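Trainee: Sending over input30.pdb (PDB, C-alpha atoms).
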ATOM      1  CA  MET A 281       3.035 -17.247   4.741
ATOM      2  CA  VAL A 282      -0.192 -19.193   4.739
ATOM      3  CA  LEU A 283      -3.798 -18.108   4.211
ATOM      4  CA  SER A 284      -5.773 -18.974   7.345
ATOM      5  CA  PRO A 285      -9.450 -20.018   7.225
ATOM      6  CA  ALA A 286     -10.314 -16.495   8.423
ATOM      7  CA  ASP A 287      -8.224 -14.980   5.609
ATOM      8  CA  LYS A 288     -10.044 -17.132   3.047
ATOM      9  CA  THR A 289     -13.419 -16.040   4.430
ATOM     10  CA  ASN A 290     -12.370 -12.376   4.289
ATOM     11  CA  ILE A 291     -11.075 -12.706   0.727
ATOM     12  CA  LYS A 292     -14.187 -14.474  -0.560
ATOM     13  CA  SER A 293     -16.596 -12.082   1.101
ATOM     14  CA  THR A 294     -14.668  -9.089  -0.263
ATOM     15  CA  TRP A 295     -14.873 -10.572  -3.744
ATOM     16  CA  ASP A 296     -18.618 -11.145  -3.312
ATOM     17  CA  LYS A 297     -19.089  -7.486  -2.348
ATOM     18  CA  ILE A 298     -17.078  -6.338  -5.361
ATOM     19  CA  GLY A 299     -19.466  -8.243  -7.587
ATOM     20  CA  GLY A 300     -19.435  -7.081 -11.200
ATOM     21  CA  HIS A 301     -17.064  -4.194 -10.465
ATOM     22  CA  ALA A 302     -13.925  -6.346 -10.422
ATOM     23  CA  GLY A 303     -13.038  -5.442 -13.994
ATOM     24  CA  ASP A 304     -13.398  -1.714 -13.329
ATOM     25  CA  TYR A 305     -11.317  -1.972 -10.190
ATOM     26  CA  GLY A 306      -8.620  -3.858 -12.104
ATOM     27  CA  GLY A 307      -8.417  -1.018 -14.606
ATOM     28  CA  GLU A 308      -8.381   1.597 -11.866
ATOM     29  CA  ALA A 309      -5.621  -0.228  -9.986
ATOM     30  CA  LEU A 310      -3.503  -0.328 -13.142
ATOM     31  CA  ASP A 311      -4.147   3.362 -13.709
ATOM     32  CA  ARG A 312      -3.065   4.123 -10.139
ATOM     33  CA  THR A 313       0.050   1.973 -10.590
ATOM     34  CA  PHE A 314       1.082   3.787 -13.767
ATOM     35  CA  GLN A 315       0.510   7.203 -12.207
ATOM     36  CA  SER A 316       2.116   6.571  -8.819
ATOM     37  CA  PHE A 317       4.963   4.361 -10.048
ATOM     38  CA  PRO A 318       5.900   5.539 -13.542
ATOM     39  CA  THR A 319       8.613   2.873 -13.935
ATOM     40  CA  THR A 320       5.806   0.308 -14.291
ATOM     41  CA  LYS A 321       4.887   1.897 -17.601
ATOM     42  CA  THR A 322       8.039   0.413 -19.132
ATOM     43  CA  TYR A 323       6.192  -2.895 -19.444
ATOM     44  CA  PHE A 324       3.525  -1.315 -21.644
ATOM     45  CA  PRO A 325       5.274   0.671 -24.380
ATOM     46  CA  HIS A 326       2.721  -0.721 -26.814
ATOM     47  CA  PHE A 327      -0.263   0.608 -24.841
ATOM     48  CA  ASP A 328      -2.048   3.910 -24.804
ATOM     49  CA  LEU A 329      -1.733   4.732 -21.105
ATOM     50  CA  SER A 330      -3.692   7.992 -21.107
ATOM     51  CA  PRO A 331      -6.617   8.313 -18.657
ATOM     52  CA  GLY A 332      -9.630   6.311 -19.768
ATOM     53  CA  SER A 333      -7.587   4.176 -22.151
ATOM     54  CA  ALA A 334      -9.601   1.265 -23.514
ATOM     55  CA  GLN A 335      -6.464  -0.885 -23.528
ATOM     56  CA  VAL A 336      -5.882  -0.257 -19.821
ATOM     57  CA  LYS A 337      -9.519  -1.040 -19.025
ATOM     58  CA  ALA A 338      -9.338  -4.272 -21.013
ATOM     59  CA  HIS A 339      -6.097  -5.269 -19.348
ATOM     60  CA  GLY A 340      -7.542  -4.398 -15.952
ATOM     61  CA  LYS A 341     -10.396  -6.791 -16.639
ATOM     62  CA  LYS A 342      -7.912  -9.543 -17.532
ATOM     63  CA  VAL A 343      -6.075  -9.000 -14.247
ATOM     64  CA  ALA A 344      -9.359  -8.950 -12.307
ATOM     65  CA  ASP A 345     -10.572 -12.158 -13.967
ATOM     66  CA  ALA A 346      -7.329 -13.886 -12.988
ATOM     67  CA  LEU A 347      -7.794 -12.722  -9.393
ATOM     68  CA  THR A 348     -11.387 -13.992  -9.449
ATOM     69  CA  THR A 349     -10.056 -17.376 -10.545
ATOM     70  CA  ALA A 350      -7.556 -17.246  -7.714
ATOM     71  CA  VAL A 351     -10.320 -16.482  -5.197
ATOM     72  CA  ALA A 352     -12.187 -19.581  -6.376
ATOM     73  CA  HIS A 353      -9.086 -21.719  -5.812
ATOM     74  CA  LEU A 354      -7.550 -20.406  -2.630
ATOM     75  CA  ASP A 355      -6.584 -23.940  -1.636
ATOM     76  CA  ASP A 356      -4.527 -24.449  -4.772
ATOM     77  CA  LEU A 357      -3.155 -21.177  -6.093
ATOM     78  CA  PRO A 358      -0.116 -22.788  -7.801
ATOM     79  CA  GLY A 359      -2.413 -25.123  -9.717
ATOM     80  CA  ALA A 360      -4.992 -22.515 -10.639
ATOM     81  CA  LEU A 361      -2.392 -19.948 -11.736
ATOM     82  CA  SER A 362       0.106 -22.319 -13.342
ATOM     83  CA  ALA A 363      -0.366 -21.043 -16.889
ATOM     84  CA  LEU A 364      -0.098 -17.423 -15.767
ATOM     85  CA  SER A 365       2.965 -18.335 -13.772
ATOM     86  CA  ASP A 366       4.583 -19.749 -16.937
ATOM     87  CA  LEU A 367       3.600 -16.652 -18.889
ATOM     88  CA  HIS A 368       5.168 -14.275 -16.368
ATOM     89  CA  ALA A 369       8.335 -16.354 -16.043
ATOM     90  CA  TYR A 370       9.102 -17.096 -19.658
ATOM     91  CA  LYS A 371       7.439 -14.392 -21.667
ATOM     92  CA  LEU A 372       6.548 -11.283 -19.658
ATOM     93  CA  ARG A 373       9.397 -11.406 -17.121
ATOM     94  CA  VAL A 374       8.035  -8.529 -15.064
ATOM     95  CA  ASP A 375      10.526  -7.727 -12.319
ATOM     96  CA  PRO A 376       9.160  -9.065  -9.022
ATOM     97  CA  VAL A 377       9.209  -5.644  -7.354
ATOM     98  CA  ASN A 378       6.308  -4.574  -9.555
ATOM     99  CA  PHE A 379       3.885  -7.105  -8.116
ATOM    100  CA  LYS A 380       4.089  -5.281  -4.786
ATOM    101  CA  LEU A 381       3.300  -1.982  -6.505
ATOM    102  CA  LEU A 382       0.192  -3.315  -8.271
ATOM    103  CA  SER A 383      -0.889  -5.152  -5.092
ATOM    104  CA  HIS A 384      -0.669  -1.905  -3.124
ATOM    105  CA  CYS A 385      -2.761  -0.084  -5.738
ATOM    106  CA  LEU A 386      -5.347  -2.867  -5.661
ATOM    107  CA  LEU A 387      -5.626  -2.350  -1.889
ATOM    108  CA  VAL A 388      -5.964   1.425  -2.374
ATOM    109  CA  THR A 389      -8.694   0.906  -5.002
ATOM    110  CA  LEU A 390     -10.648  -1.393  -2.701
ATOM    111  CA  ALA A 391     -10.207   1.000   0.241
ATOM    112  CA  CYS A 392     -11.623   3.843  -1.851
ATOM    113  CA  HIS A 393     -14.693   1.949  -3.035
ATOM    114  CA  HIS A 394     -15.450  -0.166   0.033
ATOM    115  CA  PRO A 395     -14.254   1.849   3.054
ATOM    116  CA  ASN A 396     -16.499   0.084   5.535
ATOM    117  CA  GLU A 397     -15.564  -3.407   4.440
ATOM    118  CA  PHE A 398     -11.855  -2.523   4.386
ATOM    119  CA  THR A 399     -11.385  -3.257   8.087
ATOM    120  CA  PRO A 400      -7.873  -3.867   9.443
ATOM    121  CA  ALA A 401      -8.461  -7.641   9.435
ATOM    122  CA  VAL A 402      -9.727  -7.608   5.834
ATOM    123  CA  HIS A 403      -6.842  -5.310   4.829
ATOM    124  CA  ALA A 404      -4.417  -7.863   6.284
ATOM    125  CA  SER A 405      -6.106 -10.822   4.531
ATOM    126  CA  LEU A 406      -6.164  -9.065   1.170
ATOM    127  CA  ASP A 407      -2.513  -8.062   1.475
ATOM    128  CA  LYS A 408      -1.651 -11.711   2.188
ATOM    129  CA  PHE A 409      -3.776 -12.825  -0.768
ATOM    130  CA  PHE A 410      -2.104 -10.482  -3.234
ATOM    131  CA  THR A 411       1.290 -11.489  -1.854
ATOM    132  CA  ALA A 412       0.422 -15.170  -2.286
ATOM    133  CA  VAL A 413      -0.703 -14.604  -5.885
ATOM    134  CA  SER A 414       2.465 -12.589  -6.600
ATOM    135  CA  THR A 415       4.597 -15.382  -5.160
ATOM    136  CA  VAL A 416       2.958 -17.939  -7.438
ATOM    137  CA  LEU A 417       3.357 -15.694 -10.482
ATOM    138  CA  THR A 418       7.082 -15.272  -9.839
ATOM    139  CA  SER A 419       7.718 -18.842  -8.646
ATOM    140  CA  LYS A 420       9.195 -20.110 -11.911
ATOM    141  CA  TYR A 421      11.431 -17.112 -12.557
ATOM    142  CA  ARG A 422      14.606 -19.064 -11.794
TER
ATOM    143  CA  MET B  42      14.053  16.312  -2.424
ATOM    144  CA  VAL B  43      10.466  15.648  -3.472
ATOM    145  CA  HIS B  44       9.389  17.183  -6.720
ATOM    146  CA  LEU B  45       5.707  17.907  -6.653
ATOM    147  CA  THR B  46       3.972  19.941  -9.326
ATOM    148  CA  ALA B  47       1.960  22.919  -8.202
ATOM    149  CA  GLU B  48      -1.196  20.892  -8.729
ATOM    150  CA  GLU B  49       0.153  18.042  -6.598
ATOM    151  CA  LYS B  50       1.214  20.398  -3.779
ATOM    152  CA  SER B  51      -2.239  21.921  -3.812
ATOM    153  CA  LEU B  52      -3.912  18.478  -3.717
ATOM    154  CA  VAL B  53      -1.710  17.338  -0.851
ATOM    155  CA  SER B  54      -2.311  20.361   1.355
ATOM    156  CA  SER B  55      -6.017  20.712   0.655
ATOM    157  CA  MET B  56      -6.602  17.040   1.496
ATOM    158  CA  TRP B  57      -4.406  17.171   4.568
ATOM    159  CA  GLY B  58      -6.466  20.090   5.835
ATOM    160  CA  LYS B  59      -9.434  17.727   6.051
ATOM    161  CA  VAL B  60      -7.567  14.957   7.860
ATOM    162  CA  ASN B  61      -8.054  14.320  11.587
ATOM    163  CA  VAL B  62      -4.339  13.836  12.128
ATOM    164  CA  ASP B  63      -4.683  12.279  15.582
ATOM    165  CA  GLU B  64      -7.206   9.661  14.479
ATOM    166  CA  VAL B  65      -5.549   8.843  11.180
ATOM    167  CA  GLY B  66      -2.232   8.409  13.007
ATOM    168  CA  GLY B  67      -3.713   5.826  15.343
ATOM    169  CA  GLU B  68      -5.437   4.016  12.495
ATOM    170  CA  ALA B  69      -2.313   3.927  10.330
ATOM    171  CA  LEU B  70      -0.047   2.669  13.093
ATOM    172  CA  GLY B  71      -2.674   0.136  14.194
ATOM    173  CA  ARG B  72      -3.044  -1.215  10.672
ATOM    174  CA  LEU B  73       0.746  -1.428  10.295
ATOM    175  CA  LEU B  74       0.923  -3.639  13.380
ATOM    176  CA  ILE B  75      -1.933  -5.833  12.136
ATOM    177  CA  VAL B  76      -1.103  -6.143   8.438
ATOM    178  CA  TYR B  77       2.656  -6.538   9.043
ATOM    179  CA  PRO B  78       2.758  -8.164  12.480
ATOM    180  CA  TRP B  79       6.545  -8.357  12.551
ATOM    181  CA  THR B  80       6.537  -4.586  13.048
ATOM    182  CA  GLN B  81       5.290  -5.292  16.568
ATOM    183  CA  ARG B  82       8.919  -6.075  17.424
ATOM    184  CA  PHE B  83       9.439  -2.415  18.269
ATOM    185  CA  PHE B  84       6.521  -2.211  20.653
ATOM    186  CA  ASP B  85       6.972  -4.866  23.348
ATOM    187  CA  SER B  86       5.987  -2.333  25.986
ATOM    188  CA  PHE B  87       2.626  -1.552  24.381
ATOM    189  CA  GLY B  88       0.702  -4.386  26.034
ATOM    190  CA  ASN B  89      -1.984  -6.377  24.250
ATOM    191  CA  LEU B  90      -1.462  -6.495  20.476
ATOM    192  CA  SER B  91      -2.807 -10.001  20.030
ATOM    193  CA  THR B  92      -5.903  -9.302  17.890
ATOM    194  CA  PRO B  93      -6.946  -6.575  15.437
ATOM    195  CA  ASP B  94      -9.489  -5.275  17.976
ATOM    196  CA  ALA B  95      -6.872  -5.223  20.736
ATOM    197  CA  VAL B  96      -4.455  -3.275  18.533
ATOM    198  CA  MET B  97      -6.972  -0.724  17.279
ATOM    199  CA  SER B  98      -8.282  -0.006  20.787
ATOM    200  CA  ASN B  99      -4.838   0.056  22.435
ATOM    201  CA  ALA B 100      -4.263   3.478  24.038
ATOM    202  CA  LYS B 101      -0.487   3.366  23.522
ATOM    203  CA  VAL B 102      -0.931   2.608  19.828
ATOM    204  CA  LYS B 103      -3.289   5.551  19.455
ATOM    205  CA  ALA B 104      -0.968   7.878  21.353
ATOM    206  CA  HIS B 105       2.079   6.818  19.401
ATOM    207  CA  GLY B 106       0.227   6.973  16.097
ATOM    208  CA  LYS B 107      -0.771  10.530  16.936
ATOM    209  CA  LYS B 108       2.868  11.433  17.682
ATOM    210  CA  VAL B 109       4.120   9.888  14.449
ATOM    211  CA  LEU B 110       1.522  11.561  12.283
ATOM    212  CA  ASN B 111       1.971  14.976  13.838
ATOM    213  CA  SER B 112       5.623  14.656  12.945
ATOM    214  CA  PHE B 113       4.679  13.660   9.405
ATOM    215  CA  SER B 114       2.464  16.744   9.314
ATOM    216  CA  ASP B 115       5.533  18.891  10.014
ATOM    217  CA  GLY B 116       7.151  17.305   7.001
ATOM    218  CA  LEU B 117       4.246  18.376   4.836
ATOM    219  CA  LYS B 118       4.988  21.991   5.722
ATOM    220  CA  ASN B 119       8.602  21.547   4.597
ATOM    221  CA  LEU B 120       8.438  19.523   1.404
ATOM    222  CA  ASP B 121      11.446  21.412   0.056
ATOM    223  CA  ASN B 122      13.646  20.346   2.932
ATOM    224  CA  LEU B 123      12.542  16.957   4.209
ATOM    225  CA  LYS B 124      16.096  15.806   4.901
ATOM    226  CA  GLY B 125      16.722  18.822   7.129
ATOM    227  CA  THR B 126      13.340  18.560   8.815
ATOM    228  CA  PHE B 127      13.821  14.890   9.718
ATOM    229  CA  ALA B 128      17.599  14.870  10.359
ATOM    230  CA  LYS B 129      17.338  14.533  14.133
ATOM    231  CA  LEU B 130      14.547  11.942  13.920
ATOM    232  CA  SER B 131      16.630  10.006  11.413
ATOM    233  CA  GLU B 132      19.529   9.826  13.860
ATOM    234  CA  LEU B 133      17.158   8.774  16.626
ATOM    235  CA  HIS B 134      15.616   5.964  14.558
ATOM    236  CA  CYS B 135      19.065   4.662  13.646
ATOM    237  CA  ASP B 136      21.088   5.101  16.804
ATOM    238  CA  LYS B 137      18.528   4.656  19.556
ATOM    239  CA  LEU B 138      15.473   2.932  18.077
ATOM    240  CA  HIS B 139      17.303   0.668  15.578
ATOM    241  CA  VAL B 140      14.400   0.680  13.127
ATOM    242  CA  ASP B 141      15.001  -0.812   9.665
ATOM    243  CA  PRO B 142      14.080   1.958   7.184
ATOM    244  CA  GLU B 143      11.992  -0.575   5.291
ATOM    245  CA  ASN B 144       9.413   0.034   8.014
ATOM    246  CA  PHE B 145       9.048   3.680   6.958
ATOM    247  CA  LYS B 146       7.997   2.509   3.507
ATOM    248  CA  LEU B 147       5.502   0.065   5.008
ATOM    249  CA  LEU B 148       3.956   2.768   7.198
ATOM    250  CA  GLY B 149       3.858   5.211   4.299
ATOM    251  CA  ASN B 150       1.863   2.766   2.184
ATOM    252  CA  VAL B 151      -0.490   1.932   5.041
ATOM    253  CA  LEU B 152      -1.070   5.677   5.480
ATOM    254  CA  VAL B 153      -1.974   5.909   1.781
ATOM    255  CA  CYS B 154      -4.517   3.078   2.267
ATOM    256  CA  VAL B 155      -6.016   4.910   5.267
ATOM    257  CA  LEU B 156      -6.324   8.140   3.288
ATOM    258  CA  ALA B 157      -7.974   6.171   0.465
ATOM    259  CA  ARG B 158     -10.473   4.737   2.915
ATOM    260  CA  HIS B 159     -11.295   8.157   4.353
ATOM    261  CA  PHE B 160     -11.521  10.081   1.110
ATOM    262  CA  GLY B 161     -13.029   7.420  -1.165
ATOM    263  CA  ARG B 162     -13.370   8.544  -4.772
ATOM    264  CA  GLU B 163     -11.882  11.914  -3.901
ATOM    265  CA  PHE B 164      -8.577  10.049  -3.460
ATOM    266  CA  THR B 165      -8.029  10.040  -7.204
ATOM    267  CA  PRO B 166      -5.041   8.409  -8.914
ATOM    268  CA  LEU B 167      -3.528  11.902  -9.113
ATOM    269  CA  ALA B 168      -3.975  12.506  -5.385
ATOM    270  CA  GLN B 169      -2.514   9.083  -4.639
ATOM    271  CA  ALA B 170       0.484   9.757  -6.881
ATOM    272  CA  ALA B 171       1.150  13.009  -5.035
ATOM    273  CA  TYR B 172       0.946  11.309  -1.648
ATOM    274  CA  GLN B 173       3.147   8.425  -2.811
ATOM    275  CA  LYS B 174       5.826  11.004  -3.615
ATOM    276  CA  VAL B 175       5.429  12.554  -0.175
ATOM    277  CA  VAL B 176       5.591   9.276   1.780
ATOM    278  CA  ALA B 177       8.595   8.155  -0.266
ATOM    279  CA  GLY B 178      10.293  11.490   0.435
ATOM    280  CA  VAL B 179       9.627  11.229   4.165
ATOM    281  CA  ALA B 180      10.857   7.613   4.237
ATOM    282  CA  ASN B 181      14.063   8.620   2.438
ATOM    283  CA  ALA B 182      14.587  11.583   4.755
ATOM    284  CA  LEU B 183      14.175   9.374   7.814
ATOM    285  CA  ALA B 184      16.709   6.915   6.404
ATOM    286  CA  HIS B 185      19.155   9.596   5.340
ATOM    287  CA  LYS B 186      21.281   9.721   8.512
ATOM    288  CA  TYR B 187      21.617   5.961   8.881
ATOM    289  CA  HIS B 188      25.096   4.558   9.104
TER
END
If you convert what's in this file into structure tokens, what do you get?

Mentor:
Amino acid sequence: MVLSPADKTNIKSTWDKIGGHAGDYGGEALDRTFQSFPTTKTYFPHFDLSPGSAQVKAHGKKVADALTTAVAHLDDLPGALSALSDLHAYKLRVDPVNFKLLSHCLLVTLACHHPNEFTPAVHASLDKFFTAVSTVLTSKYR
Amino acid sequence: MVHLTAEEKSLVSSMWGKVNVDEVGGEALGRLLIVYPWTQRFFDSFGNLSTPDAVMSNAKVKAHGKKVLNSFSDGLKNLDNLKGTFAKLSELHCDKLHVDPENFKLLGNVLVCVLARHFGREFTPLAQAAYQKVVAGVANALAHKYH
């Protein structure tokens, strides 16, 4: 699965539209993940996961910042995300199924806030993007 | 069996009341075929599916999407007996249509994205969680008679 030039354009223009809201959307996506897929909470026993949690917001911003980095390096995701890939493989060891759940909730968050931009073609590009990022983050698992 | 709280049931039915089932069906099926193009394998007879515009304006996609979502709507009226409600359709999808049940999960999630797009902020995390339970329940019910 490869990101086409059109995909890259769609991803970058979506990220431009998101602007300074990326952090908020990251937090919201995490919130949605925890509420829709309660098994994901098992990775955060040390967090307060109640609505409006400052820890969730902060973590959402971390996730969003990593995605922003990825958007700036669409031609070399493995390089740009290498450290995060190590972290997920050797320390966090989040089961790969969970990346799909968070990716889905990121799509839902974007659909809610940017309904007009979330065209079928953009939806497809973003899904590919999140899948590509997830693949890199799980690439060193074994 | 899906276990929705009273609040979740209320959220699901009040939102569904505002959905244009025919249109949303076409949009959801169209997006499925675009975002996960391998799902087109079941629709060789549908004609031109070569671009997003072609898919979204395809009359057969719209008609089939409408059919699928009206069926889903029936499920929403029978949340306590999804397996019974979808038993015959489950047999059909296994024995005649040969559809991998994974596709039901894909369509369910695309439907959630479409609802999010239509409802915006009103599609709160709580509303999404309720609908995720419903689409998972329907997907399981449709897979239940597979052998």

Trainee: Quick one: which residues from chain B are at most 10 Å off chain A, using only C-alpha atoms, as a PDB file with C-alpha atoms, in the coordinates of the input?

Mentor:
ATOM      1  CA  GLU B  68      -5.437   4.016  12.495  1.00  0.00           C
ATOM      2  CA  ALA B  69      -2.313   3.927  10.330  1.00  0.00           C
ATOM      3  CA  GLY B  71      -2.674   0.136  14.194  1.00  0.00           C
ATOM      4  CA  ARG B  72      -3.044  -1.215  10.672  1.00  0.00           C
ATOM      5  CA  LEU B  73       0.746  -1.428  10.295  1.00  0.00           C
ATOM      6  CA  LEU B  74       0.923  -3.639  13.380  1.00  0.00           C
ATOM      7  CA  ILE B  75      -1.933  -5.833  12.136  1.00  0.00           C
ATOM      8  CA  VAL B  76      -1.103  -6.143   8.438  1.00  0.00           C
ATOM      9  CA  TYR B  77       2.656  -6.538   9.043  1.00  0.00           C
ATOM     10  CA  PRO B  78       2.758  -8.164  12.480  1.00  0.00           C
ATOM     11  CA  THR B  92      -5.903  -9.302  17.890  1.00  0.00           C
ATOM     12  CA  PRO B  93      -6.946  -6.575  15.437  1.00  0.00           C
ATOM     13  CA  ASP B  94      -9.489  -5.275  17.976  1.00  0.00           C
ATOM     14  CA  VAL B  96      -4.455  -3.275  18.533  1.00  0.00           C
ATOM     15  CA  MET B  97      -6.972  -0.724  17.279  1.00  0.00           C
ATOM     16  CA  ASN B 150       1.863   2.766   2.184  1.00  0.00           C
ATOM     17  CA  VAL B 151      -0.490   1.932   5.041  1.00  0.00           C
ATOM     18  CA  VAL B 153      -1.974   5.909   1.781  1.00  0.00           C
ATOM     19  CA  CYS B 154      -4.517   3.078   2.267  1.00  0.00           C
ATOM     20  CA  VAL B 155      -6.016   4.910   5.267  1.00  0.00           C
ATOM     21  CA  LEU B 156      -6.324   8.140   3.288  1.00  0.00           C
ATOM     22  CA  ALA B 157      -7.974   6.171   0.465  1.00  0.00           C
ATOM     23  CA  ARG B 158     -10.473   4.737   2.915  1.00  0.00           C
ATOM     24  CA  HIS B 159     -11.295   8.157   4.353  1.00  0.00           C
ATOM     25  CA  PHE B 160     -11.521  10.081   1.110  1.00  0.00           C
ATOM     26  CA  GLY B 161     -13.029   7.420  -1.165  1.00  0.00           C
ATOM     27  CA  ARG B 162     -13.370   8.544  -4.772  1.00  0.00           C
ATOM     28  CA  GLU B 163     -11.882  11.914  -3.901  1.00  0.00           C
ATOM     29  CA  PHE B 164      -8.577  10.049  -3.460  1.00  0.00           C
ATOM     30  CA  THR B 165      -8.029  10.040  -7.204  1.00  0.00           C
ATOM     31  CA  PRO B 166      -5.041   8.409  -8.914  1.00  0.00           C
ATOM     32  CA  LEU B 167      -3.528  11.902  -9.113  1.00  0.00           C
ATOM     33  CA  ALA B 168      -3.975  12.506  -5.385  1.00  0.00           C
ATOM     34  CA  GLN B 169      -2.514   9.083  -4.639  1.00  0.00           C
ATOM     35  CA  ALA B 170       0.484   9.757  -6.881  1.00  0.00           C
ATOM     36  CA  ALA B 171       1.150  13.009  -5.035  1.00  0.00           C
ATOM     37  CA  TYR B 172       0.946  11.309  -1.648  1.00  0.00           C
ATOM     38  CA  GLN B 173       3.147   8.425  -2.811  1.00  0.00           C
ATOM     39  CA  LYS B 174       5.826  11.004  -3.615  1.00  0.00           C
TER      40      LYS B 174
END

Trainee: Could you check which of A:Thr411, A:Ser330, A:Ser362, A:Thr348 is closest to Asp296 of chain A, using only C-alpha atoms?

Mentor: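 Smallest separation from Asp296 of chain A among the options: A:Thr348.
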
Trainee: Apply the PyMOL selection byres ((chain B and resi 127) around 8) to the file shown and report the selected residues as a list in words.

Mentor: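 After applying the PyMOL selection byres ((chain B and resi 127) around 8), what remains is Gly116, Leu123, Lys124, Gly125, Thr126, Ala128, Lys129, Leu130, Ser131, Val179, Ala182 and Leu183 of chain B.
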
Trainee: To test your reading of the syntax: which residues would the PyMOL selection byres ((chain B and resi 120) around 9) return for the file shown? Reply as a PyMOL selection string.

Mentor: chain B and resi 42-45+50+116-119+121-123+126+175+178-179

Trainee: For a cut-off of 10 Å around (5.4, -13.0, -14.6), file coordinates, pick out all residues using all atoms listed in the file and list them as a list in words.

Mentor: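 Every residue inside that radius is included here: Leu364, Ser365, Asp366, Leu367, His368, Ala369, Tyr370, Lys371, Leu372, Arg373, Val374, Asp375, Pro376, Asn378, Phe379, Ser414, Thr415, Val416, Leu417, Thr418, Ser419, Lys420 and Tyr421 of chain A.
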